[in-house]
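Visitor: I am sharing work17.pdb, which consists of PDB, C-alpha atoms:
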ATOM      1  CA  MET A  30     -40.021 -49.288   7.947
ATOM      2  CA  ILE A  31     -37.104 -49.409   5.508
ATOM      3  CA  SER A  32     -35.503 -46.255   4.179
ATOM      4  CA  ALA A  33     -32.450 -45.535   2.063
ATOM      5  CA  SER A  34     -32.177 -42.148   3.769
ATOM      6  CA  VAL A  35     -32.225 -41.154   7.416
ATOM      7  CA  GLU A  36     -34.716 -38.454   6.402
ATOM      8  CA  VAL A  37     -38.248 -39.378   5.366
ATOM      9  CA  GLU A  38     -41.264 -37.384   4.267
ATOM     10  CA  PRO A  39     -44.094 -37.218   6.835
ATOM     11  CA  ALA A  40     -46.613 -38.640   4.322
ATOM     12  CA  GLU A  41     -44.386 -41.662   3.714
ATOM     13  CA  PHE A  42     -43.868 -42.088   7.443
ATOM     14  CA  LYS A  43     -47.630 -42.133   8.012
ATOM     15  CA  ARG A  44     -48.177 -44.608   5.190
ATOM     16  CA  GLN A  45     -45.598 -46.989   6.630
ATOM     17  CA  THR A  46     -46.166 -46.656  10.363
ATOM     18  CA  GLY A  47     -49.629 -45.149  10.847
ATOM     19  CA  TRP A  48     -48.126 -42.207  12.809
ATOM     20  CA  GLU A  49     -49.329 -38.829  11.557
ATOM     21  CA  ILE A  50     -47.203 -35.703  12.003
ATOM     22  CA  ARG A  51     -49.226 -32.749  13.337
ATOM     23  CA  PRO A  52     -48.171 -29.440  14.938
ATOM     24  CA  GLU A  53     -48.510 -31.091  18.383
ATOM     25  CA  GLY A  54     -46.245 -34.013  17.458
ATOM     26  CA  ALA A  55     -46.568 -37.563  16.131
ATOM     27  CA  CYS A  56     -50.139 -38.875  16.588
ATOM     28  CA  LYS A  57     -51.744 -42.293  16.323
ATOM     29  CA  ASP A  58     -55.168 -43.394  17.602
ATOM     30  CA  ASP A  59     -55.768 -41.227  20.703
ATOM     31  CA  ARG A  60     -52.119 -40.472  21.439
ATOM     32  CA  CYS A  61     -49.788 -37.636  20.477
ATOM     33  CA  VAL A  62     -46.069 -37.604  21.298
ATOM     34  CA  PRO A  63     -44.131 -34.322  21.052
ATOM     35  CA  LEU A  64     -41.572 -34.371  18.255
ATOM     36  CA  PRO A  65     -39.037 -31.509  18.265
ATOM     37  CA  GLY A  66     -38.647 -29.713  14.950
ATOM     38  CA  ALA A  67     -41.205 -31.850  13.145
ATOM     39  CA  SER A  68     -43.594 -29.095  12.106
ATOM     40  CA  THR A  69     -42.211 -28.774   8.596
ATOM     41  CA  GLY A  70     -40.103 -30.718   6.140
ATOM     42  CA  PRO A  71     -38.730 -34.233   6.285
ATOM     43  CA  LEU A  72     -38.377 -36.218   9.502
ATOM     44  CA  ASP A  73     -35.060 -37.353  10.892
ATOM     45  CA  LEU A  74     -35.491 -41.036  11.735
ATOM     46  CA  ARG A  75     -32.963 -40.720  14.588
ATOM     47  CA  VAL A  76     -35.186 -38.121  16.291
ATOM     48  CA  VAL A  77     -38.336 -40.159  15.642
ATOM     49  CA  ALA A  78     -36.697 -43.298  17.035
ATOM     50  CA  GLU A  79     -35.725 -41.476  20.222
ATOM     51  CA  CYS A  80     -39.108 -39.786  20.808
ATOM     52  CA  LEU A  81     -41.318 -42.770  19.938
ATOM     53  CA  ASN A  82     -39.054 -45.384  21.573
ATOM     54  CA  MET A  83     -38.569 -47.275  18.326
ATOM     55  CA  PRO A  84     -35.281 -49.068  17.581
ATOM     56  CA  LEU A  85     -33.421 -47.804  14.524
ATOM     57  CA  ILE A  86     -30.810 -49.908  12.775
ATOM     58  CA  HIS A  87     -28.437 -48.907  10.009
ATOM     59  CA  ASP A  88     -26.802 -51.362   7.622
ATOM     60  CA  GLU A  89     -23.948 -49.376   6.168
ATOM     61  CA  ALA A  90     -22.972 -51.971   3.582
ATOM     62  CA  ALA A  91     -26.538 -52.126   2.264
ATOM     63  CA  GLY A  92     -27.050 -48.377   2.624
ATOM     64  CA  LEU A  93     -30.346 -48.907   4.439
ATOM     65  CA  TRP A  94     -32.046 -47.846   7.637
ATOM     66  CA  CYS A  95     -34.815 -49.782   9.340
ATOM     67  CA  LEU A  96     -37.101 -48.415  12.025
ATOM     68  CA  GLY A  97     -38.733 -51.044  14.237
ATOM     69  CA  PRO A  98     -42.048 -50.887  16.100
ATOM     70  CA  GLU A  99     -42.632 -49.008  19.340
ATOM     71  CA  ALA A 100     -40.962 -50.727  22.301
ATOM     72  CA  GLY A 101     -41.670 -50.887  25.987
ATOM     73  CA  GLY A 102     -45.403 -51.587  26.085
ATOM     74  CA  LYS A 103     -47.630 -54.183  24.496
ATOM     75  CA  ALA A 104     -47.649 -55.337  20.877
ATOM     76  CA  LEU A 105     -51.155 -53.848  20.675
ATOM     77  CA  THR A 106     -51.147 -50.332  22.116
ATOM     78  CA  SER A 107     -54.786 -49.899  21.075
ATOM     79  CA  ALA A 108     -57.645 -52.268  20.188
ATOM     80  CA  HIS A 109     -58.200 -50.314  16.952
ATOM     81  CA  ALA A 110     -56.979 -52.579  14.166
ATOM     82  CA  PRO A 111     -53.701 -51.212  12.785
ATOM     83  CA  GLU A 112     -53.630 -50.075   9.181
ATOM     84  CA  LEU A 113     -52.674 -52.999   6.996
ATOM     85  CA  ALA A 114     -52.164 -52.971   3.233
ATOM     86  CA  LEU A 115     -50.608 -56.042   1.601
ATOM     87  CA  PRO A 116     -50.596 -57.543  -1.887
ATOM     88  CA  ASP A 117     -53.069 -60.375  -2.465
ATOM     89  CA  TRP A 118     -51.982 -63.490  -4.358
ATOM     90  CA  ARG A 119     -52.832 -61.855  -7.665
ATOM     91  CA  GLY A 120     -50.610 -58.869  -6.811
ATOM     92  CA  GLU A 121     -53.430 -56.380  -6.083
ATOM     93  CA  THR A 122     -53.041 -54.260  -2.951
ATOM     94  CA  PHE A 123     -55.653 -55.148  -0.355
ATOM     95  CA  ARG A 124     -56.517 -52.894   2.565
ATOM     96  CA  LEU A 125     -57.860 -54.488   5.734
ATOM     97  CA  ASP A 126     -60.099 -51.483   6.425
ATOM     98  CA  SER A 127     -61.988 -52.167   3.161
ATOM     99  CA  LEU A 128     -63.890 -54.813   5.156
ATOM    100  CA  ARG A 129     -65.462 -52.406   7.667
ATOM    101  CA  GLY A 130     -69.064 -53.471   8.258
ATOM    102  CA  GLN A 131     -68.162 -57.162   8.344
ATOM    103  CA  LYS A 132     -66.650 -59.303  11.038
ATOM    104  CA  VAL A 133     -63.154 -60.394  10.060
ATOM    105  CA  LEU A 134     -61.048 -63.382  11.010
ATOM    106  CA  LEU A 135     -57.457 -62.591  10.059
ATOM    107  CA  VAL A 136     -55.383 -65.763   9.851
ATOM    108  CA  ALA A 137     -51.603 -65.884   9.547
ATOM    109  CA  TRP A 138     -50.248 -69.078   7.965
ATOM    110  CA  ALA A 139     -47.180 -70.036   5.917
ATOM    111  CA  SER A 140     -46.034 -72.415   3.195
ATOM    112  CA  TRP A 141     -42.985 -73.562   5.165
TER     113      TRP A 141
ATOM    114  CA  MET B  16     -59.101 -75.505   5.064
ATOM    115  CA  TRP B  17     -60.332 -71.952   5.744
ATOM    116  CA  GLN B  18     -62.424 -71.871   2.570
ATOM    117  CA  ALA B  19     -65.011 -74.319   3.988
ATOM    118  CA  LEU B  20     -65.444 -72.258   7.141
ATOM    119  CA  ARG B  21     -65.685 -69.117   5.049
ATOM    120  CA  ASP B  22     -68.420 -70.717   2.907
ATOM    121  CA  GLU B  23     -70.314 -71.645   6.064
ATOM    122  CA  LEU B  24     -70.085 -68.285   7.834
ATOM    123  CA  HIS B  25     -69.857 -65.660   5.101
ATOM    124  CA  GLY B  26     -73.641 -65.393   4.809
ATOM    125  CA  GLN B  27     -73.737 -64.501   8.519
ATOM    126  CA  GLY B  28     -71.371 -61.570   8.035
ATOM    127  CA  LEU B  29     -67.906 -63.072   8.507
ATOM    128  CA  GLU B  30     -65.031 -62.564   6.099
ATOM    129  CA  ILE B  31     -61.814 -64.515   6.416
ATOM    130  CA  VAL B  32     -58.533 -62.935   5.356
ATOM    131  CA  THR B  33     -55.539 -65.219   5.153
ATOM    132  CA  VAL B  34     -52.014 -63.798   5.328
ATOM    133  CA  ALA B  35     -49.147 -65.993   4.157
ATOM    134  CA  LEU B  36     -45.917 -65.158   5.989
ATOM    135  CA  ASP B  37     -43.600 -66.055   3.157
ATOM    136  CA  ALA B  38     -40.373 -64.411   2.043
ATOM    137  CA  ASN B  39     -40.654 -66.877  -0.834
ATOM    138  CA  VAL B  40     -43.729 -65.269  -2.366
ATOM    139  CA  GLU B  41     -43.992 -67.826  -5.161
ATOM    140  CA  ALA B  42     -44.192 -70.720  -2.696
ATOM    141  CA  ALA B  43     -47.225 -69.130  -1.036
ATOM    142  CA  ARG B  44     -48.819 -68.148  -4.328
ATOM    143  CA  ALA B  45     -48.589 -71.697  -5.694
ATOM    144  CA  ILE B  46     -50.505 -73.072  -2.702
ATOM    145  CA  ILE B  47     -53.158 -70.338  -2.793
ATOM    146  CA  GLU B  48     -53.616 -70.776  -6.536
ATOM    147  CA  GLN B  49     -54.564 -74.432  -6.091
ATOM    148  CA  VAL B  50     -57.438 -73.404  -3.812
ATOM    149  CA  SER B  51     -58.323 -70.154  -5.633
ATOM    150  CA  PRO B  52     -60.087 -68.953  -2.478
ATOM    151  CA  SER B  53     -63.087 -66.626  -2.646
ATOM    152  CA  HIS B  54     -61.789 -64.723   0.401
ATOM    153  CA  PRO B  55     -58.848 -62.274   0.331
ATOM    154  CA  ALA B  56     -55.569 -64.215   0.464
ATOM    155  CA  LEU B  57     -52.617 -61.926   1.118
ATOM    156  CA  ILE B  58     -48.865 -62.495   1.008
ATOM    157  CA  ASP B  59     -46.667 -60.808   3.613
ATOM    158  CA  HIS B  60     -43.070 -61.347   2.521
ATOM    159  CA  ALA B  61     -41.571 -59.417   5.482
ATOM    160  CA  HIS B  62     -43.869 -60.894   8.194
ATOM    161  CA  ALA B  63     -45.147 -57.371   8.872
ATOM    162  CA  VAL B  64     -48.169 -58.709  10.794
ATOM    163  CA  ASP B  65     -45.807 -60.131  13.435
ATOM    164  CA  ALA B  66     -44.870 -56.666  14.666
ATOM    165  CA  LEU B  67     -48.269 -55.106  13.887
ATOM    166  CA  PHE B  68     -50.285 -57.527  16.003
ATOM    167  CA  GLY B  69     -47.725 -59.432  18.088
ATOM    168  CA  ILE B  70     -47.794 -62.677  16.108
ATOM    169  CA  THR B  71     -44.998 -65.224  16.664
ATOM    170  CA  ASN B  72     -46.250 -68.502  15.184
ATOM    171  CA  VAL B  73     -48.683 -69.931  12.642
ATOM    172  CA  PRO B  74     -51.548 -70.602  12.371
ATOM    173  CA  THR B  75     -52.607 -67.540  14.352
ATOM    174  CA  GLY B  76     -55.993 -65.815  14.273
ATOM    175  CA  VAL B  77     -57.124 -62.283  15.167
ATOM    176  CA  TRP B  78     -60.795 -61.230  15.320
ATOM    177  CA  LEU B  79     -61.966 -57.794  14.182
ATOM    178  CA  ASP B  80     -65.517 -56.540  14.636
ATOM    179  CA  GLU B  81     -67.596 -54.564  12.109
ATOM    180  CA  GLY B  82     -66.086 -51.267  13.298
ATOM    181  CA  GLY B  83     -62.485 -52.425  12.934
ATOM    182  CA  MET B  84     -61.921 -53.038  16.643
ATOM    183  CA  ILE B  85     -59.867 -56.072  17.609
ATOM    184  CA  VAL B  86     -62.002 -58.299  19.841
ATOM    185  CA  ARG B  87     -59.506 -61.163  20.191
ATOM    186  CA  PRO B  88     -55.745 -60.629  19.939
ATOM    187  CA  PRO B  89     -53.439 -63.198  18.288
ATOM    188  CA  GLU B  90     -53.956 -66.797  19.434
ATOM    189  CA  PRO B  91     -53.495 -70.248  17.875
ATOM    190  CA  ALA B  92     -56.154 -70.748  15.184
ATOM    191  CA  PHE B  93     -56.734 -74.209  13.748
ATOM    192  CA  PRO B  94     -59.667 -74.642  11.355
ATOM    193  CA  GLY B  95     -59.642 -78.443  11.798
ATOM    194  CA  ARG B  96     -57.544 -81.405  12.735
ATOM    195  CA  ALA B  97     -54.295 -81.644  10.758
ATOM    196  CA  ALA B  98     -54.395 -84.692   8.489
ATOM    197  CA  TYR B  99     -50.870 -85.861   9.353
ATOM    198  CA  ARG B 100     -51.959 -86.548  12.923
ATOM    199  CA  ASP B 101     -54.150 -89.455  11.815
ATOM    200  CA  MET B 102     -51.879 -90.938   9.178
ATOM    201  CA  PRO B 103     -49.565 -93.830   9.954
ATOM    202  CA  VAL B 104     -45.918 -92.850   9.615
ATOM    203  CA  PRO B 105     -44.439 -94.794   6.676
ATOM    204  CA  ASP B 106     -41.337 -96.786   7.543
ATOM    205  CA  THR B 107     -39.581 -95.495   4.451
ATOM    206  CA  LEU B 108     -39.500 -91.883   5.670
ATOM    207  CA  PRO B 109     -36.089 -90.430   6.476
ATOM    208  CA  GLU B 110     -35.276 -90.814  10.175
ATOM    209  CA  ARG B 111     -35.198 -87.072  10.774
ATOM    210  CA  LEU B 112     -38.698 -86.637   9.331
ATOM    211  CA  LYS B 113     -40.004 -89.458  11.536
ATOM    212  CA  GLU B 114     -38.578 -87.699  14.573
ATOM    213  CA  MET B 115     -40.134 -84.413  13.493
ATOM    214  CA  LEU B 116     -43.544 -86.049  13.076
ATOM    215  CA  ALA B 117     -43.224 -87.653  16.503
ATOM    216  CA  GLU B 118     -42.569 -84.224  18.049
ATOM    217  CA  ALA B 119     -45.340 -82.600  15.995
ATOM    218  CA  SER B 120     -47.856 -85.138  17.300
ATOM    219  CA  LYS B 121     -47.213 -83.822  20.841
ATOM    220  CA  ILE B 122     -48.037 -80.247  19.845
ATOM    221  CA  ARG B 123     -51.281 -78.895  21.283
ATOM    222  CA  ALA B 124     -54.025 -78.008  18.783
ATOM    223  CA  GLU B 125     -57.580 -77.144  19.800
ATOM    224  CA  PRO B 126     -59.589 -76.782  16.575
ATOM    225  CA  GLU B 127     -63.004 -77.726  18.028
ATOM    226  CA  LYS B 128     -62.699 -75.164  20.793
ATOM    227  CA  TYR B 129     -61.515 -72.451  18.401
ATOM    228  CA  VAL B 130     -64.084 -72.995  15.677
ATOM    229  CA  GLY B 131     -66.862 -73.319  18.271
ATOM    230  CA  ALA B 132     -65.928 -69.943  19.741
ATOM    231  CA  LEU B 133     -65.746 -68.404  16.267
ATOM    232  CA  ARG B 134     -69.259 -69.612  15.394
ATOM    233  CA  ASP B 135     -70.564 -68.248  18.688
ATOM    234  CA  TRP B 136     -69.060 -64.819  18.002
ATOM    235  CA  VAL B 137     -70.367 -64.722  14.431
ATOM    236  CA  GLU B 138     -73.865 -65.450  15.769
ATOM    237  CA  HIS B 139     -73.872 -63.244  18.869
ATOM    238  CA  GLY B 140     -71.357 -60.485  18.094
ATOM    239  CA  GLN B 141     -70.353 -58.345  21.065
ATOM    240  CA  GLU B 142     -72.735 -60.371  23.278
ATOM    241  CA  SER B 143     -70.591 -63.450  22.693
ATOM    242  CA  ARG B 144     -68.564 -64.348  25.745
ATOM    243  CA  TYR B 145     -65.584 -64.797  23.442
ATOM    244  CA  ALA B 146     -65.583 -61.133  22.321
ATOM    245  CA  LEU B 147     -63.154 -59.261  24.573
ATOM    246  CA  SER B 148     -63.168 -55.622  25.687
ATOM    247  CA  PRO B 149     -60.512 -53.247  24.270
ATOM    248  CA  ASP B 150     -58.643 -53.319  27.591
ATOM    249  CA  GLU B 151     -58.582 -57.117  27.655
ATOM    250  CA  VAL B 152     -57.394 -57.215  24.040
ATOM    251  CA  ILE B 153     -54.448 -54.956  24.833
ATOM    252  CA  GLU B 154     -53.687 -56.785  28.070
ATOM    253  CA  ARG B 155     -53.663 -60.184  26.371
ATOM    254  CA  SER B 156     -51.427 -59.045  23.495
ATOM    255  CA  ARG B 157     -47.735 -59.786  23.798
ATOM    256  CA  PRO B 158     -45.444 -57.528  25.771
ATOM    257  CA  ARG B 159     -42.967 -55.749  23.513
ATOM    258  CA  PRO B 160     -39.630 -55.275  25.224
ATOM    259  CA  ARG B 161     -36.869 -53.363  23.449
ATOM    260  CA  GLU B 162     -35.222 -56.598  22.225
ATOM    261  CA  GLU B 163     -38.377 -57.735  20.400
ATOM    262  CA  ALA B 164     -38.877 -54.363  18.718
ATOM    263  CA  LEU B 165     -35.247 -54.583  17.595
ATOM    264  CA  ALA B 166     -35.806 -58.164  16.380
ATOM    265  CA  ALA B 167     -38.670 -56.894  14.211
ATOM    266  CA  ALA B 168     -36.406 -54.281  12.625
ATOM    267  CA  HIS B 169     -33.726 -56.890  11.880
ATOM    268  CA  PHE B 170     -36.245 -59.324  10.439
ATOM    269  CA  GLU B 171     -37.777 -56.673   8.184
ATOM    270  CA  LEU B 172     -34.381 -55.533   6.920
ATOM    271  CA  GLY B 173     -33.387 -59.173   6.352
ATOM    272  CA  ALA B 174     -36.550 -59.806   4.326
ATOM    273  CA  HIS B 175     -35.844 -56.738   2.233
ATOM    274  CA  LEU B 176     -32.279 -57.896   1.549
ATOM    275  CA  HIS B 177     -33.501 -61.416   0.785
ATOM    276  CA  SER B 178     -35.928 -60.153  -1.836
ATOM    277  CA  SER B 179     -33.156 -57.919  -3.240
ATOM    278  CA  GLY B 180     -31.074 -61.022  -3.972
ATOM    279  CA  ARG B 181     -28.685 -60.651  -1.020
ATOM    280  CA  PRO B 182     -29.251 -63.865   0.981
ATOM    281  CA  ASP B 183     -25.992 -63.613   2.971
ATOM    282  CA  ASP B 184     -26.813 -60.123   4.208
ATOM    283  CA  ALA B 185     -30.370 -61.268   4.938
ATOM    284  CA  ALA B 186     -29.089 -64.168   7.053
ATOM    285  CA  ARG B 187     -26.923 -61.795   9.092
ATOM    286  CA  HIS B 188     -30.011 -59.806  10.136
ATOM    287  CA  TRP B 189     -32.200 -62.877  10.572
ATOM    288  CA  ARG B 190     -29.647 -64.439  12.949
ATOM    289  CA  GLU B 191     -29.855 -61.275  14.997
ATOM    290  CA  ALA B 192     -33.682 -61.404  14.964
ATOM    291  CA  HIS B 193     -33.561 -65.022  16.195
ATOM    292  CA  ARG B 194     -31.188 -64.120  19.013
ATOM    293  CA  LEU B 195     -33.323 -61.163  20.128
ATOM    294  CA  GLN B 196     -36.721 -62.904  20.000
ATOM    295  CA  GLN B 197     -36.085 -66.583  20.569
ATOM    296  CA  ASP B 198     -39.733 -67.630  20.712
ATOM    297  CA  ASN B 199     -40.685 -66.103  17.375
ATOM    298  CA  TRP B 200     -41.214 -69.221  15.282
ATOM    299  CA  THR B 201     -42.144 -67.382  12.092
ATOM    300  CA  TYR B 202     -38.776 -65.585  12.085
ATOM    301  CA  LYS B 203     -36.930 -68.825  12.746
ATOM    302  CA  ARG B 204     -38.829 -71.245  10.528
ATOM    303  CA  GLN B 205     -38.812 -68.791   7.623
ATOM    304  CA  ALA B 206     -35.027 -68.519   7.707
ATOM    305  CA  TRP B 207     -34.412 -72.224   8.345
ATOM    306  CA  SER B 208     -36.733 -73.273   5.521
ATOM    307  CA  LEU B 209     -34.857 -71.133   3.014
ATOM    308  CA  ALA B 210     -31.540 -72.670   4.103
ATOM    309  CA  ASP B 211     -32.946 -76.236   4.205
ATOM    310  CA  PRO B 212     -36.518 -77.223   3.238
ATOM    311  CA  MET B 213     -36.529 -79.747   6.122
ATOM    312  CA  GLN B 214     -35.576 -76.976   8.579
ATOM    313  CA  GLY B 215     -32.691 -79.089   9.802
ATOM    314  CA  PRO B 216     -29.313 -77.899  11.136
ATOM    315  CA  THR B 217     -27.242 -75.723   8.783
ATOM    316  CA  GLU B 218     -24.060 -73.719   9.095
ATOM    317  CA  ILE B 219     -26.045 -70.527   8.580
ATOM    318  CA  TYR B 220     -28.317 -70.613  11.636
ATOM    319  CA  GLU B 221     -27.774 -71.719  15.182
ATOM    320  CA  GLY B 222     -31.082 -73.524  15.668
ATOM    321  CA  ASP B 223     -33.229 -75.986  13.743
ATOM    322  CA  TRP B 224     -36.847 -77.075  14.137
ATOM    323  CA  LEU B 225     -36.308 -80.400  15.886
ATOM    324  CA  SER B 226     -33.680 -79.164  18.361
ATOM    325  CA  ASP B 227     -35.560 -75.974  19.189
ATOM    326  CA  VAL B 228     -38.911 -77.720  19.688
ATOM    327  CA  ARG B 229     -37.274 -80.334  21.910
ATOM    328  CA  ARG B 230     -35.584 -77.629  23.946
ATOM    329  CA  ILE B 231     -38.858 -75.898  24.885
ATOM    330  CA  GLY B 232     -40.960 -79.083  24.883
ATOM    331  CA  ALA B 233     -43.483 -79.644  22.067
ATOM    332  CA  GLU B 234     -46.388 -79.022  24.464
ATOM    333  CA  HIS B 235     -45.218 -75.392  24.798
ATOM    334  CA  TYR B 236     -45.052 -74.760  21.046
ATOM    335  CA  TYR B 237     -48.426 -72.986  21.196
ATOM    336  CA  PRO B 238     -49.909 -71.339  24.274
ATOM    337  CA  PRO B 239     -53.207 -72.871  25.456
ATOM    338  CA  LEU B 240     -56.359 -71.178  24.152
ATOM    339  CA  GLN B 241     -57.800 -68.911  26.823
ATOM    340  CA  MET B 242     -61.427 -69.179  25.796
TER     341      MET B 242
END
Could you spell out this file's structure in structure tokens?

Guide:
Amino acid sequence: MISASVEVEPAEFKRQTGWEIRPEGACKDDRCVPLPGASTGPLDLRVVAECLNMPLIHDEAAGLWCLGPEAGGKALTSAHAPELALPDWRGETFRLDSLRGQKVLLVAWASW
Amino acid sequence: MWQALRDELHGQGLEIVTVALDANVEAARAIIEQVSPSHPALIDHAHAVDALFGITNVPTGVWLDEGGMIVRPPEPAFPGRAAYRDMPVPDTLPERLKEMLAEASKIRAEPEKYVGALRDWVEHGQESRYALSPDEVIERSRPRPREEALAAAHFELGAHLHSSGRPDDAARHWREAHRLQQDNWTYKRQAWSLADPMQGPTEIYEGDWLSDVRRIGAEHYYPPLQM
């Protein structure tokens, strides 16, 4: 996730990464990871990066931070489909979970 | 090509969602518009699905069941035989393009196998031998070492800078993504194609399509389908 600040609101963090901040830590699917000082207020991306084993990069010239995905395991840490919301070709946001109840074939392709 | 399969299988409960991995959103939109598909057709300018699912090349398919569980992780997904494979190569083509087509013809594609398995799953659901257990899905997904997680962060930041009109800063991060995850073809081909539509050598990036495919061997461009 991209951020102009090293501090992000928990709601924004959940929207971008799927990790929810609860009293017991950062939680996703069936897992919770303790997160010191995360019970209230904004999250420090440097702390999150350390606890969740996510790489954090900082482009000083651009004034931006970028937090990468969790490292060390598999690309899929659970068989639950990750949350995915992307614009469709008409510009409307489409959520993958709107198709619950149907089988889905997700296909990645490209124009190049 | 996916629209025909969608027409065939939608009545049996399958939806197809296409995701264009295109930093150049307009290029993807123009192609989709010509087809005006009846299925959702999304545009992912930062290649977010790469990191989310462990995708590294296109076309790649992922199967999700009715409850939102992944039953097949990313794997090469061809809806049919690519037309260029059966067309004679015109003599008038530039030499580089001829060489690229010659390499491309050696690339493995298994559309019959893939579409056959898809039809079987649509008909039989979890009873299909192609539907995998959650443990198998996780096991078969790509490992994510630190370098690849870092590559994802650099690619995402590069895509953001590219769409903010800062192509030089984007290229700096994309070069880093290429170095950290050398077998991610969506990261590489995206960047090359913006520097040169033919994805040939440039001063901006170290690799190019022809050299990189030759280095690994065209037969290794996609992993074999494990059906």

Visitor: I'd like the neighbourhood of stretch 30-41 of chain A as number ranges by chain, where a residue qualifies if any of its atoms comes within 10 Å (using only C-alpha atoms), though same-chain residues fewer than 2 positions away should be ignored.

Guide: A: 43-51, 55, 67-76, 85-88, 91-98; B: 63, 167-168, 171-172, 175

Visitor: Select, counting all atoms listed in the file, all protein, DNA and RNA residues no farther than 8 Å from (-72.5, -63.3, 12.6) in file coordinates, and express the selection as a list in words.

Guide: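 Protein, DNA and RNA residues close to (-72.5, -63.3, 12.6): Lys132 of chain A; Leu24, Gln27, Gly28, Leu29, Arg134, Trp136, Val137, Glu138, His139 and Gly140 of chain B.
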
Visitor: Using the chain letters and numbers from this file, what does the ChimeraX specification (/B :<9) & /A select? Give the answer as a PyMOL selection string.

Guide: chain A and resi 30-31+82-86+88+91+93-113+115-120+122-123+125-126+128-141

Visitor: Decode the PyMOL selection byres ((chain B and resi 225) around 8) for the given file into explicit residues and return them as a count of residues only.

Guide: 10

Visitor: Residues near B:Pro238, anyone? I mean within 9 Å using all atoms listed in the file, not counting same-chain ones fewer than 2 positions away, as a VMD selection string.

Guide: chain B and resid 90 to 91 123 234 to 236 240 to 241

Visitor: Report, in Å to a single decimal, how far apart atom CA of B:Val104 and atom CA of B:Ala117 are.

Guide: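 Separation between atom CA of B:Ala117 and atom CA of B:Val104: 9.0 Å.
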
Visitor: Measure the distance from atom CA of B:Lys128 to atom CA of B:Tyr145 in Å and round it to one decimal.

Guide: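 Separation of atom CA of B:Lys128 and atom CA of B:Tyr145: 11.1 Å.
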
Visitor: Please indicate the distance in Å from atom CA of B:Ser143 to atom CA of B:Ile122, rounded to one decimal place.

Guide: 28.3 Å

Visitor: Of the candidates A:Glu89, A:Gly66, A:Glu121, A:Ala78, which one gets nearest to A:Gly54 if we count all atoms listed in the file?

Guide: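 The shortest atom-to-atom distance to A:Gly54 comes from A:Gly66.
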
Visitor: For A:Pro63, work out the shell of residues within 9 Å, counting only C-alpha atoms and skipping chain neighbours fewer than 6 positions away, then give it as a PDB file with C-alpha atoms, in the coordinates of the input.

Guide:
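In the end it all went to result-v8.pdb:
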ATOM      1  CA  PRO A  52     -48.171 -29.440  14.938  1.00  0.00           C
ATOM      2  CA  GLU A  53     -48.510 -31.091  18.383  1.00  0.00           C
ATOM      3  CA  GLY A  54     -46.245 -34.013  17.458  1.00  0.00           C
ATOM      4  CA  ALA A  55     -46.568 -37.563  16.131  1.00  0.00           C
ATOM      5  CA  CYS A  56     -50.139 -38.875  16.588  1.00  0.00           C
ATOM      6  CA  CYS A  80     -39.108 -39.786  20.808  1.00  0.00           C
ATOM      7  CA  LEU A  81     -41.318 -42.770  19.938  1.00  0.00           C
TER       8      LEU A  81
END

Visitor: Might you pull out every residue within 12 Å of B:Gly95, with all atoms listed in the file counted and same-chain residues fewer than 2 positions away left off, and present them as number ranges by chain?

Guide: B: 16-20, 74, 91-93, 97-100, 124-131
